[in-house]
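Since the structure comes first, as structure tokens, the remarks are kept for the end.
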Amino acid sequence: LYTTCDMNASLFVYSIDEKLATKISDDLKVTAANWSPKDDWIAISALAADGTNDLYLISTRAQGIKRLTDTPGVNESFPVFTKDGKYLAFISNRYGDTNEIEYLDLEKNTFQRPLIRGMYPTLSPTNKWVAFEIGPEVGISRSDGLNAKVLVLGRTPFWIN
């Protein structure tokens with residue numbers, strides 16, 4: 001799964017076995033994507049007309065595209081599924097100029113704001129912790145926003161299972 005870094009901002013799935021790339025984004029300009037744990041959905045952030053991002057789900061089983069957010073002036077991007085696929089963690093500037101990590105309950109369509117400032121969330125294998133970028137550093141917090149701290153200088157953290 002990858003996005004192009006051009007004016008089209010297209011989303012592709014690449015089959016290593018078939019050596020074939022298939023475009024799956026059609027009219028959406030995709031800035032980030034994440035495959036669900038059950039392989040049934042792809043969460044994406046896509047550019048809106050005002051230059052911000054909104055969140056969508058693209059079905060991998062021909063169920064179409066679901067728009068999750070439609071918030072002019074608010075940037076919601078870099079969605080990441082929890083390991084059980086019930087929530088999306090993502091970056092939002094809904095509450096001001098600072099990027100925060102929010103969660104979207106996909107069943108109830110409700111938002112949770114654990115007050116974690118940062119970008120590019122990545123969830124631990126147990127979903128108990130979230131690592132993120134905060135300025136030029138890597139931070140970590142419990143998923144509920146408690147015990148937040150900066151760990152080291154660095155970028156784009158990722159958990160190992």
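Just so we're on the same page: first chain in the structure tokens is A, next is B, and so on; residues restart at 1 for each chain, and ligands are numbered from 1 in the order they show up.
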Problem set entry | Selection near segment 107-111 of chain A, 8 Å with only C-alpha atoms, sequence-local residues under 3 positions removed, as JSON, numbers by chain | {"A": [68, 86, 102, 103, 104]}
Could you list, as number ranges by chain, every residue within 10 Å of segment 37-49 of chain A, counting only C-alpha atoms and ignoring same-chain residues fewer than 2 positions away? A: 1, 9-11, 25, 27-35, 51-86, 88, 90-91
ask   = How many Å separate atom CA of Gly118 of chain A from atom CA of Glu133 of chain A?
value =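 Computed distance, atom CA of Gly118 of chain A to atom CA of Glu133 of chain A, equals 5.4 Å.
Residue-level DSSP output for segment 29-84 of chain A, from the backbone, shows strand (DSSP E or B) at Val30, Thr31, Ala32, Ala33, Asn34, Trp35, Trp41, Ile42, Ala43, Ile44, Ser45, Ala46, Leu47, Asn53, Asp54, Leu55, Tyr56, Leu57, Ile58, Ser59, Ile65, Lys66, Arg67, Glu76, Ser77, Phe78, Pro79, Val80 and Phe81 of chain A.
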- Task: Pick out the residues sitting within 10 Å of Met119 of chain A, and hand them over as a list in words; count only C-alpha atoms, and ignore anything fewer than 5 positions along from it in its own chain.
- Result: Ser77, Phe78, Phe90, Ile91, Ser92, Thr98, Asn99, Glu100, Ile101, Ala131, Phe132, Glu133, Ile134, Gly135, Val138, Gly139, Arg155 and Thr156 of chain A
Since we have the selection now, will you write its residues out, keeping N, CA, C and O atoms, as a tab-separated table (two decimals), in the first residue's frame?
chain	number	residue	atom	x	y	z
A	77	SER	N	-5.59	13.75	9.81
A	77	SER	CA	-4.72	13.00	8.90
A	77	SER	C	-3.96	11.89	9.61
A	77	SER	O	-3.97	11.78	10.82
A	78	PHE	N	-3.28	11.10	8.80
A	78	PHE	CA	-2.44	9.98	9.24
A	78	PHE	C	-3.19	9.01	10.17
A	78	PHE	O	-2.77	8.76	11.30
A	90	PHE	N	-5.47	9.29	14.99
A	90	PHE	CA	-5.12	10.18	13.90
A	90	PHE	C	-4.67	11.52	14.45
A	90	PHE	O	-4.86	11.82	15.63
A	91	ILE	N	-4.09	12.35	13.59
A	91	ILE	CA	-3.66	13.70	13.95
A	91	ILE	C	-4.80	14.66	13.65
A	91	ILE	O	-5.45	14.56	12.62
A	92	SER	N	-5.01	15.61	14.55
A	92	SER	CA	-6.05	16.62	14.35
A	92	SER	C	-5.59	17.97	14.89
A	92	SER	O	-4.86	18.02	15.88
A	98	THR	N	-2.16	23.55	17.35
A	98	THR	CA	-1.29	22.45	17.74
A	98	THR	C	-1.89	21.12	17.29
A	98	THR	O	-3.09	20.88	17.45
A	99	ASN	N	-1.06	20.24	16.76
A	99	ASN	CA	-1.52	18.91	16.38
A	99	ASN	C	-1.67	18.05	17.63
A	99	ASN	O	-0.79	18.02	18.48
A	100	GLU	N	-2.79	17.35	17.70
A	100	GLU	CA	-3.06	16.41	18.78
A	100	GLU	C	-3.43	15.07	18.18
A	100	GLU	O	-3.88	14.99	17.04
A	101	ILE	N	-3.28	14.03	18.98
A	101	ILE	CA	-3.72	12.71	18.57
A	101	ILE	C	-5.11	12.49	19.15
A	101	ILE	O	-5.32	12.70	20.34
A	131	ALA	N	3.22	5.97	20.48
A	131	ALA	CA	4.44	6.72	20.25
A	131	ALA	C	4.15	7.73	19.14
A	131	ALA	O	3.26	7.50	18.31
A	132	PHE	N	4.88	8.84	19.13
A	132	PHE	CA	4.56	9.91	18.20
A	132	PHE	C	5.75	10.85	18.08
A	132	PHE	O	6.68	10.80	18.87
A	133	GLU	N	5.71	11.71	17.06
A	133	GLU	CA	6.68	12.79	16.94
A	133	GLU	C	6.15	14.01	17.66
A	133	GLU	O	4.96	14.31	17.58
A	134	ILE	N	7.03	14.69	18.37
A	134	ILE	CA	6.71	15.97	18.95
A	134	ILE	C	7.91	16.88	18.72
A	134	ILE	O	8.95	16.71	19.34
A	135	GLY	N	7.76	17.77	17.73
A	135	GLY	CA	8.91	18.56	17.29
A	135	GLY	C	9.96	17.64	16.72
A	135	GLY	O	9.65	16.72	15.97
A	138	VAL	N	10.93	12.06	19.69
A	138	VAL	CA	9.96	10.97	19.78
A	138	VAL	C	9.40	10.96	21.19
A	138	VAL	O	10.15	10.99	22.16
A	139	GLY	N	8.08	10.96	21.29
A	139	GLY	CA	7.42	10.89	22.58
A	139	GLY	C	6.63	9.62	22.71
A	139	GLY	O	6.40	8.89	21.73
A	155	ARG	N	12.58	10.75	14.66
A	155	ARG	CA	11.40	10.89	13.83
A	155	ARG	C	10.72	9.55	13.60
A	155	ARG	O	11.33	8.50	13.75
A	156	THR	N	9.47	9.60	13.21
A	156	THR	CA	8.64	8.47	12.77
A	156	THR	C	8.86	7.18	13.57
A	156	THR	O	9.37	6.19	13.06
